[in-house]
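Structure data follow from data_31.txt (compact mmCIF, C-alpha atoms):
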```
# COMPACT_ATOMS: atom_id res chain seq x y z
CA MET A 1 -25.12 -54.52 -98.89
CA ALA A 2 -22.65 -54.75 -96.00
CA PHE A 3 -20.21 -52.55 -97.85
CA GLN A 4 -22.84 -49.87 -98.33
CA ILE A 5 -23.72 -49.81 -94.64
CA LEU A 6 -20.03 -49.55 -93.79
CA LEU A 7 -19.65 -46.69 -96.26
CA ASN A 8 -22.65 -44.96 -94.75
CA ILE A 9 -21.28 -45.27 -91.20
CA GLY A 10 -17.91 -44.02 -92.42
CA LEU A 11 -19.57 -40.98 -93.93
CA ALA A 12 -21.36 -40.35 -90.66
CA ILE A 13 -18.06 -40.50 -88.71
CA ILE A 14 -16.44 -38.08 -91.17
CA TRP A 15 -19.42 -35.78 -90.66
CA MET A 16 -18.92 -35.97 -86.91
CA LEU A 17 -15.22 -35.14 -87.25
CA LEU A 18 -16.00 -32.19 -89.50
CA ARG A 19 -18.57 -30.84 -87.09
CA GLN A 20 -16.29 -31.32 -84.03
CA ASP A 21 -19.22 -32.79 -82.12
CA PHE A 22 -19.37 -36.43 -81.06
CA SER A 23 -22.95 -36.80 -79.86
CA PRO A 24 -25.38 -39.48 -81.10
CA VAL A 25 -27.59 -36.79 -82.62
CA GLU A 26 -24.73 -35.60 -84.79
CA PHE A 27 -24.06 -39.19 -85.83
CA LEU A 28 -27.70 -39.56 -86.84
CA ILE A 29 -27.58 -36.38 -88.91
CA GLY A 30 -24.40 -37.62 -90.57
CA TYR A 31 -26.05 -40.95 -91.28
CA VAL A 32 -29.02 -39.29 -92.95
CA VAL A 33 -26.75 -37.06 -95.02
CA GLY A 34 -24.75 -40.12 -96.10
CA LEU A 35 -28.00 -41.86 -96.96
CA VAL A 36 -29.06 -39.00 -99.22
CA LEU A 37 -25.60 -38.97 -100.84
CA LEU A 38 -25.78 -42.70 -101.52
CA TYR A 39 -29.26 -42.33 -102.97
CA VAL A 40 -28.20 -39.53 -105.29
CA LEU A 41 -25.03 -41.33 -106.41
CA ARG A 42 -26.52 -44.83 -106.79
CA ARG A 43 -26.30 -44.72 -110.61
CA PHE A 44 -22.62 -43.84 -110.69
CA LEU A 45 -21.49 -46.28 -108.01
CA GLN A 46 -23.10 -49.23 -109.77
CA PHE A 47 -25.02 -50.72 -106.91
CA ASP A 48 -28.53 -51.24 -105.74
CA PHE A 49 -29.66 -48.75 -103.11
CA TYR A 50 -29.73 -50.72 -99.88
CA PHE A 51 -32.25 -48.56 -98.08
CA ARG A 52 -35.00 -50.08 -100.23
CA ARG A 53 -34.61 -53.20 -98.11
CA VAL A 54 -34.90 -51.24 -94.88
CA ILE A 55 -38.15 -49.75 -96.15
CA ALA A 56 -39.36 -53.27 -96.99
CA ILE A 57 -38.49 -54.43 -93.45
CA VAL A 58 -40.41 -51.52 -91.92
CA LYS A 59 -43.36 -52.36 -94.18
CA LEU A 60 -43.21 -55.99 -93.03
CA ILE A 61 -43.25 -54.92 -89.37
CA PHE A 62 -46.29 -52.69 -89.87
CA LEU A 63 -48.11 -55.37 -91.84
CA PHE A 64 -47.39 -57.79 -89.01
CA LEU A 65 -48.68 -55.43 -86.32
CA TRP A 66 -51.84 -54.78 -88.34
CA GLU A 67 -52.50 -58.50 -88.77
CA LEU A 68 -51.76 -59.04 -85.07
CA ILE A 69 -54.45 -56.58 -84.00
CA LEU A 70 -57.04 -57.85 -86.51
CA ALA A 71 -56.51 -61.50 -85.63
CA ASN A 72 -56.49 -60.83 -81.88
CA ILE A 73 -59.95 -59.31 -82.11
CA ASP A 74 -61.03 -62.47 -83.94
CA VAL A 75 -59.72 -64.74 -81.19
CA ILE A 76 -61.27 -62.57 -78.47
CA LYS A 77 -64.61 -63.05 -80.20
CA ILE A 78 -64.12 -66.82 -80.28
CA VAL A 79 -63.01 -67.10 -76.64
CA LEU A 80 -65.84 -64.98 -75.30
CA SER A 81 -68.62 -66.49 -77.41
CA PRO A 82 -70.92 -68.54 -75.18
CA LYS A 83 -71.00 -71.56 -77.47
CA LEU A 84 -67.58 -72.57 -78.73
CA ASP A 85 -68.51 -72.85 -82.37
CA ILE A 86 -65.17 -73.53 -84.05
CA LYS A 87 -63.82 -75.82 -86.72
CA PRO A 88 -60.11 -76.33 -86.03
CA GLY A 89 -57.89 -78.12 -88.49
CA ILE A 90 -54.38 -78.64 -89.80
CA ILE A 91 -53.61 -77.18 -93.21
CA ALA A 92 -50.59 -77.81 -95.42
CA VAL A 93 -49.37 -74.45 -96.71
CA PRO A 94 -46.89 -74.67 -99.60
CA THR A 95 -44.30 -71.92 -99.70
CA LYS A 96 -42.08 -70.53 -102.42
CA LEU A 97 -39.41 -69.26 -100.03
CA LYS A 98 -36.04 -70.92 -100.47
CA THR A 99 -33.49 -70.36 -97.72
CA ASP A 100 -33.92 -71.76 -94.24
CA TRP A 101 -34.16 -68.50 -92.39
CA GLU A 102 -36.87 -67.15 -94.66
CA VAL A 103 -39.02 -70.20 -93.93
CA THR A 104 -38.27 -69.86 -90.21
CA LEU A 105 -39.28 -66.20 -90.28
CA LEU A 106 -42.52 -67.07 -92.06
CA ALA A 107 -43.28 -69.82 -89.53
CA SER A 108 -42.63 -67.49 -86.59
CA LEU A 109 -44.83 -64.78 -88.06
CA ILE A 110 -47.61 -67.30 -88.66
CA SER A 111 -47.26 -68.48 -85.07
CA LEU A 112 -47.46 -64.97 -83.66
CA THR A 113 -50.66 -64.02 -85.44
CA PRO A 114 -53.53 -65.39 -83.37
CA GLY A 115 -55.64 -68.03 -85.02
CA THR A 116 -52.78 -69.80 -86.75
CA LEU A 117 -49.92 -71.83 -85.32
CA SER A 118 -47.18 -73.50 -87.33
CA MET A 119 -46.74 -77.10 -86.20
CA ASN A 120 -44.32 -78.93 -88.41
CA PHE A 121 -42.30 -78.74 -91.61
CA SER A 122 -42.15 -81.26 -94.41
CA ASP A 123 -38.76 -82.86 -94.94
CA ASP A 124 -37.78 -80.71 -97.90
CA GLY A 125 -38.85 -77.54 -96.09
CA LYS A 126 -41.28 -76.57 -98.84
CA THR A 127 -44.46 -77.05 -96.83
CA ILE A 128 -45.47 -75.67 -93.46
CA PHE A 129 -48.20 -77.44 -91.55
CA VAL A 130 -50.38 -74.83 -89.92
CA HIS A 131 -52.93 -75.48 -87.23
CA SER A 132 -55.78 -73.03 -87.49
CA ILE A 133 -58.42 -72.38 -84.88
CA ASP A 134 -61.17 -71.85 -87.42
CA VAL A 135 -61.09 -73.05 -91.03
CA PRO A 136 -64.17 -71.99 -92.93
CA ASP A 137 -62.30 -72.05 -96.24
CA LYS A 138 -58.95 -73.74 -96.71
CA GLU A 139 -57.99 -72.19 -100.06
CA ALA A 140 -58.81 -68.67 -98.89
CA MET A 141 -56.55 -69.06 -95.87
CA ILE A 142 -53.60 -70.32 -97.91
CA LYS A 143 -54.11 -67.48 -100.35
CA GLN A 144 -54.19 -64.96 -97.51
CA ILE A 145 -50.87 -66.16 -96.09
CA HIS A 146 -49.33 -66.06 -99.56
CA ASN A 147 -50.58 -62.57 -100.29
CA SER A 148 -49.62 -60.98 -97.00
CA PHE A 149 -46.57 -62.44 -95.28
CA GLU A 150 -44.85 -64.39 -98.04
CA LYS A 151 -44.98 -61.46 -100.44
CA ALA A 152 -43.61 -59.07 -97.82
CA ILE A 153 -40.76 -61.43 -96.88
CA MET A 154 -39.87 -61.87 -100.55
CA GLU A 155 -39.70 -58.11 -100.93
CA VAL A 156 -37.18 -57.95 -98.09
CA THR A 157 -34.88 -60.66 -99.40
CA GLN A 158 -34.86 -59.86 -103.10
CA MET B 159 -55.83 -43.25 -62.19
CA LEU B 160 -52.54 -45.03 -62.60
CA GLU B 161 -52.62 -46.63 -59.15
CA LEU B 162 -56.18 -47.84 -59.60
CA SER B 163 -55.39 -49.47 -62.94
CA LEU B 164 -52.23 -51.03 -61.46
CA THR B 165 -54.26 -52.63 -58.68
CA ILE B 166 -56.95 -53.86 -61.07
CA ALA B 167 -54.37 -55.35 -63.44
CA LEU B 168 -52.57 -57.05 -60.54
CA ILE B 169 -55.81 -58.68 -59.37
CA ILE B 170 -56.75 -59.74 -62.92
CA MET B 171 -53.35 -61.32 -63.51
CA ALA B 172 -53.37 -63.17 -60.19
CA LEU B 173 -56.80 -64.51 -61.16
CA SER B 174 -55.53 -65.65 -64.54
CA ILE B 175 -52.67 -67.56 -62.91
CA LEU B 176 -55.25 -69.25 -60.71
CA VAL B 177 -57.32 -70.17 -63.76
CA CYS B 178 -54.22 -71.58 -65.43
CA PHE B 179 -53.66 -73.84 -62.46
CA ILE B 180 -57.07 -75.41 -63.05
CA ARG B 181 -55.70 -76.68 -66.34
CA VAL B 182 -52.45 -77.81 -64.71
CA VAL B 183 -54.40 -79.95 -62.24
CA LYS B 184 -57.09 -81.15 -64.66
CA GLY B 185 -55.19 -81.47 -67.95
CA PRO B 186 -55.80 -84.88 -69.45
CA THR B 187 -52.40 -85.11 -71.14
CA MET B 188 -48.89 -84.06 -70.25
CA SER B 189 -48.83 -81.49 -73.07
CA ASP B 190 -51.77 -79.63 -71.56
CA ARG B 191 -49.88 -79.21 -68.33
CA VAL B 192 -46.78 -77.95 -70.13
CA VAL B 193 -48.86 -75.36 -71.98
CA ALA B 194 -50.50 -74.18 -68.76
CA LEU B 195 -47.19 -73.97 -66.90
CA ASP B 196 -45.65 -71.99 -69.75
CA THR B 197 -48.51 -69.53 -69.49
CA VAL B 198 -48.05 -69.26 -65.72
CA GLY B 199 -44.40 -68.33 -66.32
CA ILE B 200 -45.30 -65.69 -68.89
CA THR B 201 -48.01 -64.17 -66.70
CA LEU B 202 -45.53 -64.03 -63.82
CA ILE B 203 -43.34 -61.73 -65.93
CA GLY B 204 -46.27 -59.34 -66.25
CA ILE B 205 -46.92 -59.39 -62.52
CA ILE B 206 -43.32 -58.52 -61.71
CA GLY B 207 -43.49 -55.72 -64.29
CA ILE B 208 -46.46 -54.22 -62.45
CA VAL B 209 -44.69 -54.63 -59.10
CA MET B 210 -41.77 -52.72 -60.61
CA ILE B 211 -44.01 -49.73 -61.26
CA ILE B 212 -45.67 -49.93 -57.84
CA GLN B 213 -42.40 -50.08 -55.92
CA ASN B 214 -40.78 -47.61 -58.32
CA THR B 215 -37.56 -49.58 -58.80
CA LEU B 216 -35.59 -50.99 -61.70
CA ALA B 217 -33.97 -53.69 -59.57
CA TYR B 218 -36.32 -56.41 -60.80
CA ALA B 219 -35.34 -56.02 -64.45
CA ASP B 220 -32.84 -58.87 -64.10
CA VAL B 221 -35.42 -61.03 -62.37
CA ILE B 222 -37.78 -60.62 -65.32
CA LEU B 223 -35.10 -61.64 -67.80
CA VAL B 224 -34.18 -64.73 -65.80
CA ILE B 225 -37.81 -65.81 -65.46
CA ALA B 226 -38.35 -65.33 -69.21
CA ILE B 227 -35.31 -67.48 -69.99
CA LEU B 228 -36.27 -70.15 -67.46
CA ALA B 229 -39.86 -70.37 -68.74
CA PHE B 230 -38.66 -70.78 -72.31
CA ILE B 231 -35.95 -73.34 -71.52
CA GLY B 232 -38.32 -75.24 -69.25
CA SER B 233 -41.06 -75.47 -71.88
CA VAL B 234 -38.69 -76.61 -74.60
CA ALA B 235 -37.00 -79.16 -72.35
CA LEU B 236 -40.34 -80.59 -71.20
CA ALA B 237 -41.60 -80.75 -74.80
CA LYS B 238 -38.52 -82.68 -75.85
CA PHE B 239 -38.82 -84.88 -72.80
CA ILE B 240 -42.42 -85.97 -73.46
CA GLU B 241 -41.58 -86.56 -77.11
CA GLY B 242 -38.62 -88.87 -76.81
CA GLY B 243 -37.65 -89.17 -73.17
CA VAL B 244 -34.35 -87.40 -73.85
CA VAL B 245 -33.71 -83.70 -73.50
CA PHE B 246 -30.47 -83.54 -75.47
CA ASP B 247 -30.22 -85.68 -78.60
CA ARG B 248 -26.56 -86.41 -79.06
CA ASP B 249 -26.44 -88.33 -82.33
CA HIS B 250 -27.81 -86.70 -85.46
CA ASN B 251 -28.82 -89.30 -87.99
CA MET C 252 -51.34 -37.80 -70.85
CA THR C 253 -48.51 -40.26 -70.45
CA GLU C 254 -50.20 -41.71 -67.38
CA ILE C 255 -53.39 -42.36 -69.32
CA ILE C 256 -51.52 -44.22 -72.07
CA ILE C 257 -49.64 -46.28 -69.46
CA SER C 258 -52.89 -47.10 -67.63
CA ILE C 259 -54.58 -48.20 -70.86
CA LEU C 260 -51.61 -50.39 -71.79
CA ILE C 261 -51.57 -52.02 -68.35
CA LEU C 262 -55.31 -52.69 -68.32
CA LEU C 263 -55.10 -54.08 -71.85
CA GLY C 264 -52.27 -56.36 -70.74
CA GLY C 265 -54.23 -57.67 -67.78
CA PHE C 266 -57.30 -58.21 -69.93
CA LEU C 267 -55.34 -60.15 -72.56
CA SER C 268 -53.70 -62.32 -69.88
CA LEU C 269 -57.09 -63.18 -68.47
CA LEU C 270 -58.36 -64.01 -71.96
CA GLY C 271 -55.39 -66.33 -72.46
CA ALA C 272 -56.18 -68.10 -69.20
CA ILE C 273 -59.87 -68.45 -70.09
CA GLY C 274 -58.88 -69.76 -73.50
CA ILE C 275 -56.63 -72.36 -71.88
CA VAL C 276 -59.55 -73.66 -69.87
CA ARG C 277 -62.20 -73.44 -72.57
CA PHE C 278 -60.61 -74.74 -75.78
CA PRO C 279 -61.23 -78.41 -76.47
CA ASP C 280 -57.74 -79.71 -77.35
CA VAL C 281 -54.03 -79.01 -76.78
CA TYR C 282 -53.58 -77.16 -80.05
CA GLY C 283 -56.44 -74.78 -79.35
CA ARG C 284 -55.02 -74.13 -75.90
CA LEU C 285 -51.64 -73.36 -77.42
CA HIS C 286 -53.28 -70.62 -79.49
CA ALA C 287 -54.51 -68.95 -76.34
CA ALA C 288 -51.26 -69.49 -74.46
CA THR C 289 -48.67 -68.40 -77.00
CA LYS C 290 -50.55 -65.39 -78.29
CA SER C 291 -53.04 -63.71 -76.01
CA ALA C 292 -50.88 -64.16 -72.93
CA THR C 293 -47.69 -63.16 -74.74
CA LEU C 294 -49.28 -60.07 -76.22
CA GLY C 295 -50.59 -59.11 -72.80
CA VAL C 296 -47.16 -59.37 -71.23
CA ILE C 297 -45.61 -57.39 -74.06
CA SER C 298 -48.06 -54.56 -73.58
CA ILE C 299 -47.39 -54.52 -69.83
CA MET C 300 -43.63 -54.42 -70.39
CA LEU C 301 -44.14 -51.59 -72.88
CA ALA C 302 -46.03 -49.74 -70.17
CA VAL C 303 -43.16 -50.35 -67.71
CA PHE C 304 -40.66 -49.03 -70.22
CA LEU C 305 -42.75 -45.92 -70.92
CA TYR C 306 -43.20 -45.31 -67.18
CA PHE C 307 -39.49 -45.36 -66.41
CA GLN C 308 -38.64 -43.40 -69.57
CA PHE C 309 -41.08 -40.51 -69.29
CA ILE C 310 -42.04 -40.29 -65.61
CA GLU C 311 -38.80 -41.34 -63.91
CA GLY C 312 -36.50 -40.31 -66.73
CA VAL C 313 -34.42 -43.49 -66.70
CA PHE C 314 -33.71 -45.42 -69.87
CA SER C 315 -33.99 -49.14 -69.19
CA GLY C 316 -32.49 -51.32 -71.88
CA LYS C 317 -33.19 -54.53 -69.98
CA VAL C 318 -36.95 -54.04 -70.19
CA LEU C 319 -36.70 -53.54 -73.94
CA LEU C 320 -34.54 -56.65 -74.13
CA THR C 321 -37.25 -58.59 -72.29
CA ILE C 322 -39.85 -57.52 -74.86
CA VAL C 323 -37.65 -58.69 -77.73
CA PHE C 324 -36.84 -61.92 -75.93
CA VAL C 325 -40.46 -62.79 -75.20
CA PHE C 326 -41.39 -61.97 -78.78
CA LEU C 327 -38.65 -64.23 -80.12
CA THR C 328 -39.19 -67.22 -77.85
CA ALA C 329 -42.98 -67.47 -77.72
CA PRO C 330 -43.46 -68.89 -81.24
CA VAL C 331 -40.52 -71.27 -80.81
CA ALA C 332 -41.89 -72.68 -77.55
CA GLY C 333 -45.37 -73.04 -79.06
CA PHE C 334 -43.97 -74.78 -82.11
CA MET C 335 -41.95 -77.24 -80.00
CA ILE C 336 -44.92 -78.12 -77.75
CA ALA C 337 -47.28 -78.54 -80.72
CA ARG C 338 -44.85 -80.78 -82.60
CA SER C 339 -44.08 -82.96 -79.60
CA ALA C 340 -47.78 -83.29 -78.76
CA TYR C 341 -48.56 -84.39 -82.31
CA ASN C 342 -45.67 -86.85 -82.38
CA VAL C 343 -46.73 -88.39 -79.08
CA GLY C 344 -50.23 -88.80 -80.49
CA VAL C 345 -52.39 -86.32 -78.65
CA GLU C 346 -55.59 -86.30 -80.64
CA LEU C 347 -57.31 -83.37 -82.25
CA SER C 348 -60.73 -82.52 -80.91
CA ASP C 349 -63.86 -84.00 -82.49
CA LYS C 350 -64.74 -80.70 -84.08
CA SER C 351 -61.69 -80.76 -86.35
CA VAL C 352 -62.43 -80.73 -90.06
CA GLN C 353 -58.98 -80.99 -91.61
CA ASP C 354 -55.81 -82.95 -90.93
CA ASP C 355 -53.29 -82.55 -93.70
CA LEU C 356 -50.36 -83.52 -91.50
CA LYS C 357 -51.75 -87.01 -90.92
CA LYS C 358 -52.05 -87.56 -94.66
CA ALA C 359 -48.49 -86.44 -95.22
CA ILE C 360 -47.15 -88.74 -92.48
CA ASN C 361 -49.15 -91.69 -93.81
CA LYS C 362 -47.81 -91.12 -97.32
CA LYS C 363 -44.26 -90.99 -96.03
CA GLY C 364 -44.74 -94.18 -94.05
CA LYS C 365 -46.05 -96.05 -97.10
CA LYS C 366 -43.16 -94.85 -99.20
CA ALA C 367 -40.67 -96.03 -96.60
CA ARG C 368 -42.25 -99.46 -96.40
CA SER C 369 -42.48 -100.12 -100.14
```
Exercise: express the given structure as structure tokens:
Amino acid sequence: MAFQILLNIGLAIIWMLLRQDFSPVEFLIGYVVGLVLLYVLRRFLQFDFYFRRVIAIVKLIFLFLWELILANIDVIKIVLSPKLDIKPGIIAVPTKLKTDWEVTLLASLISLTPGTLSMNFSDDGKTIFVHSIDVPDKEAMIKQIHNSFEKAIMEVTQ
Amino acid sequence: MLELSLTIALIIMALSILVCFIRVVKGPTMSDRVVALDTVGITLIGIIGIVMIIQNTLAYADVILVIAILAFIGSVALAKFIEGGVVFDRDHN
Amino acid sequence: MTEIIISILILLGGFLSLLGAIGIVRFPDVYGRLHAATKSATLGVISIMLAVFLYFQFIEGVFSGKVLLTIVFVFLTAPVAGFMIARSAYNVGVELSDKSVQDDLKKAINKKGKKARS
């Protein structure tokens, strides 16, 4: 992964030298050309094309923004409703993610979407305790977190 | 158009800081006050951002960064303080 | 055109900040208030800072990296601060409101305590 990025930057610098033009735009063009080269040659060089991960990261960001907007509208409805008709609660959400930083990323993303707030971890780091502002259905909420964020994070790391 | 919306936003944000202070004064527990103070800090960043546009200067960019850092450090330190009475835990067991 | 976008972003930011403040006053317990504080208010400030960045980029023609850095910083620190306050409040024993229907964390802590004693 790191080697591929280095190779790509190297190709971009060579492109800049060949074009005799050292502007950022030229570097960007060189980078894209190197990217295409790496994509075409991925079979022969025996490695996984790293840009797939970048696409997964972009997908994760857009998914996050979408959820952010949806959930914010939800919370606005709750705050502005005349009678505060909510059922808050703490839910234990099991997670399949392994390394520490994946779990941290998941917890931060949960915190930043309105309506849910990660509160604590279990000792083995396999369960996140999530405080939710409104829990009509516990299982549905756990399933939603699994299907949206956890799946997207797994796509980035694997 | 732009100036009108700037003024409206400035008034709204000043109001929201005032509303936050109700919770700071009233809050039954210490944690409530920490939450409200954290929000005051964050709203202050927004106010300075608007002032930057009104006065047409980039000089306050550093001020915003420092306030953001101070609000974060302050909240975390207060949270640790009400939990255990110590801000830095020296021995990891 | 740019001015209209900037105006909308600024008004949206002010509106969200006010919502956060109202939420802080209206919600029944600390955890509900944290929802309002760490999200509505943070999102409002981020949209205002985005407006500031757009203003200096397209109307004044100055690129300001510090403003972008502020957006990233606020985005990174808001969940951490909320998490720390929520955890410390729960450990100190601030109670959930009466409306709460679920408390899985209490069960987990009780189980752990029993295991430690036996």
For B:Val221: contacts at 12 Å, only C-alpha atoms, fewer than 4 positions along chain excluded, given as a short mmCIF file (atom, residue, chain, number, x, y, z; two decimals) with C-alpha atoms, keeping the file's coordinate frame:
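Wrote it out as part08.cif, contents follow:
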```
data_model
loop_
_atom_site.label_atom_id
_atom_site.label_comp_id
_atom_site.auth_asym_id
_atom_site.auth_seq_id
_atom_site.Cartn_x
_atom_site.Cartn_y
_atom_site.Cartn_z
CA LEU B 202 -45.53 -64.03 -63.82
CA ILE B 203 -43.34 -61.73 -65.93
CA GLY B 204 -46.27 -59.34 -66.25
CA ILE B 205 -46.92 -59.39 -62.52
CA ILE B 206 -43.32 -58.52 -61.71
CA GLY B 207 -43.49 -55.72 -64.29
CA VAL B 209 -44.69 -54.63 -59.10
CA MET B 210 -41.77 -52.72 -60.61
CA LEU B 216 -35.59 -50.99 -61.70
CA ALA B 217 -33.97 -53.69 -59.57
CA ILE B 225 -37.81 -65.81 -65.46
CA ALA B 226 -38.35 -65.33 -69.21
CA ILE B 227 -35.31 -67.48 -69.99
CA LEU B 228 -36.27 -70.15 -67.46
CA LYS C 317 -33.19 -54.53 -69.98
CA VAL C 318 -36.95 -54.04 -70.19
CA THR C 321 -37.25 -58.59 -72.29
#
```
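Atom CA of C:Ile297 lies 9.5 Å from atom CA of C:Leu260.
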Considering all atoms listed in the file, can you say which of C:Met335, C:Val303, C:Leu347, C:Gly316 comes closest to B:Ile211?
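The closest residue to B:Ile211 is C:Val303.
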Output the contact residues of chain A with respect to chain C at a cut-off of 6 Å, based on only C-alpha atoms, as a list in words.
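The complete set of qualifying residues is Val79, Lys87, Pro88, Gly89, Ile90, Ile91, Ala92, Ser108, Ser111, Pro114 and Met119 of chain A.
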At a cut-off of 6 Å, which residues of chain C touch chain B? Count all atoms listed in the file and give the answer as a PDB file with C-alpha atoms, in the frame of the given file.
```pdb
ATOM      1  CA  SER C 258     -52.890 -47.100 -67.630  1.00  0.00           C
ATOM      2  CA  LEU C 262     -55.310 -52.690 -68.320  1.00  0.00           C
ATOM      3  CA  GLY C 265     -54.230 -57.670 -67.780  1.00  0.00           C
ATOM      4  CA  LEU C 269     -57.090 -63.180 -68.470  1.00  0.00           C
ATOM      5  CA  ALA C 272     -56.180 -68.100 -69.200  1.00  0.00           C
ATOM      6  CA  VAL C 281     -54.030 -79.010 -76.780  1.00  0.00           C
ATOM      7  CA  ALA C 288     -51.260 -69.490 -74.460  1.00  0.00           C
ATOM      8  CA  VAL C 296     -47.160 -59.370 -71.230  1.00  0.00           C
ATOM      9  CA  THR C 321     -37.250 -58.590 -72.290  1.00  0.00           C
ATOM     10  CA  ALA C 332     -41.890 -72.680 -77.550  1.00  0.00           C
ATOM     11  CA  ILE C 336     -44.920 -78.120 -77.750  1.00  0.00           C
ATOM     12  CA  SER C 339     -44.080 -82.960 -79.600  1.00  0.00           C
ATOM     13  CA  VAL C 343     -46.730 -88.390 -79.080  1.00  0.00           C
TER      14      VAL C 343
END
```
Which residue is closest to C:Leu301? Choose from C:Leu320, C:Val276, C:Val313, C:Val345 and count all atoms listed in the file.
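Between C:Leu320, C:Val276, C:Val313, C:Val345, the residue approaching C:Leu301 most closely is C:Leu320.
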Could you name the residues that touch A:Ser118 at 6 Å or less, counting all atoms listed in the file, but leaving out those on the same chain fewer than 2 positions away, as a PDB file with C-alpha atoms, in the coordinates of the input?
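Output file result-v7.pdb follows:
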```pdb
ATOM      1  CA  ALA A 107     -43.280 -69.820 -89.530  1.00  0.00           C
ATOM      2  CA  SER A 111     -47.260 -68.480 -85.070  1.00  0.00           C
ATOM      3  CA  PHE A 129     -48.200 -77.440 -91.550  1.00  0.00           C
ATOM      4  CA  VAL A 130     -50.380 -74.830 -89.920  1.00  0.00           C
TER       5      VAL A 130
END
```
Reconstructed stretch 130-143 of chain A, atom set N, CA, C and O atoms, as a PDB file, in the coordinates of the input:
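Here's the written file result_21.pdb:
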```pdb
ATOM      1  N   VAL A 130     -49.854 -75.881 -90.789  1.00  0.00           N
ATOM      2  CA  VAL A 130     -50.380 -74.830 -89.920  1.00  0.00           C
ATOM      3  C   VAL A 130     -51.654 -75.305 -89.262  1.00  0.00           C
ATOM      4  O   VAL A 130     -52.556 -75.794 -89.933  1.00  0.00           O
ATOM      5  N   HIS A 131     -51.684 -75.176 -87.924  1.00  0.00           N
ATOM      6  CA  HIS A 131     -52.930 -75.480 -87.230  1.00  0.00           C
ATOM      7  C   HIS A 131     -53.716 -74.187 -87.099  1.00  0.00           C
ATOM      8  O   HIS A 131     -53.193 -73.188 -86.623  1.00  0.00           O
ATOM      9  N   SER A 132     -54.963 -74.231 -87.559  1.00  0.00           N
ATOM     10  CA  SER A 132     -55.780 -73.030 -87.490  1.00  0.00           C
ATOM     11  C   SER A 132     -56.971 -73.272 -86.592  1.00  0.00           C
ATOM     12  O   SER A 132     -57.524 -74.363 -86.562  1.00  0.00           O
ATOM     13  N   ILE A 133     -57.354 -72.221 -85.853  1.00  0.00           N
ATOM     14  CA  ILE A 133     -58.420 -72.380 -84.880  1.00  0.00           C
ATOM     15  C   ILE A 133     -59.775 -72.450 -85.561  1.00  0.00           C
ATOM     16  O   ILE A 133     -60.719 -73.029 -85.050  1.00  0.00           O
ATOM     17  N   ASP A 134     -59.876 -71.888 -86.746  1.00  0.00           N
ATOM     18  CA  ASP A 134     -61.170 -71.850 -87.420  1.00  0.00           C
ATOM     19  C   ASP A 134     -60.932 -71.867 -88.928  1.00  0.00           C
ATOM     20  O   ASP A 134     -60.363 -70.936 -89.478  1.00  0.00           O
ATOM     21  N   VAL A 135     -61.319 -72.946 -89.593  1.00  0.00           N
ATOM     22  CA  VAL A 135     -61.090 -73.050 -91.030  1.00  0.00           C
ATOM     23  C   VAL A 135     -62.412 -73.083 -91.784  1.00  0.00           C
ATOM     24  O   VAL A 135     -62.910 -74.154 -92.091  1.00  0.00           O
ATOM     25  N   PRO A 136     -62.979 -71.947 -92.087  1.00  0.00           N
ATOM     26  CA  PRO A 136     -64.170 -71.990 -92.930  1.00  0.00           C
ATOM     27  C   PRO A 136     -63.807 -72.330 -94.363  1.00  0.00           C
ATOM     28  O   PRO A 136     -64.537 -73.054 -95.037  1.00  0.00           O
ATOM     29  N   ASP A 137     -62.681 -71.832 -94.846  1.00  0.00           N
ATOM     30  CA  ASP A 137     -62.300 -72.050 -96.240  1.00  0.00           C
ATOM     31  C   ASP A 137     -60.794 -72.215 -96.316  1.00  0.00           C
ATOM     32  O   ASP A 137     -60.046 -71.301 -96.040  1.00  0.00           O
ATOM     33  N   LYS A 138     -60.365 -73.416 -96.718  1.00  0.00           N
ATOM     34  CA  LYS A 138     -58.950 -73.740 -96.710  1.00  0.00           C
ATOM     35  C   LYS A 138     -58.185 -72.916 -97.750  1.00  0.00           C
ATOM     36  O   LYS A 138     -57.159 -72.318 -97.442  1.00  0.00           O
ATOM     37  N   GLU A 139     -58.705 -72.882 -98.981  1.00  0.00           N
ATOM     38  CA  GLU A 139     -57.990 -72.190-100.060  1.00  0.00           C
ATOM     39  C   GLU A 139     -57.828 -70.706 -99.750  1.00  0.00           C
ATOM     40  O   GLU A 139     -56.777 -70.125 -99.993  1.00  0.00           O
ATOM     41  N   ALA A 140     -58.876 -70.110 -99.186  1.00  0.00           N
ATOM     42  CA  ALA A 140     -58.810 -68.670 -98.890  1.00  0.00           C
ATOM     43  C   ALA A 140     -57.724 -68.381 -97.884  1.00  0.00           C
ATOM     44  O   ALA A 140     -57.002 -67.389 -97.991  1.00  0.00           O
ATOM     45  N   MET A 141     -57.566 -69.298 -96.898  1.00  0.00           N
ATOM     46  CA  MET A 141     -56.550 -69.060 -95.870  1.00  0.00           C
ATOM     47  C   MET A 141     -55.152 -69.150 -96.452  1.00  0.00           C
ATOM     48  O   MET A 141     -54.289 -68.323 -96.165  1.00  0.00           O
ATOM     49  N   ILE A 142     -54.930 -70.185 -97.285  1.00  0.00           N
ATOM     50  CA  ILE A 142     -53.600 -70.320 -97.910  1.00  0.00           C
ATOM     51  C   ILE A 142     -53.300 -69.094 -98.748  1.00  0.00           C
ATOM     52  O   ILE A 142     -52.197 -68.532 -98.709  1.00  0.00           O
ATOM     53  N   LYS A 143     -54.308 -68.644 -99.501  1.00  0.00           N
ATOM     54  CA  LYS A 143     -54.110 -67.480-100.350  1.00  0.00           C
ATOM     55  C   LYS A 143     -53.783 -66.252 -99.519  1.00  0.00           C
ATOM     56  O   LYS A 143     -52.939 -65.442 -99.882  1.00  0.00           O
TER      57      LYS A 143
END
```
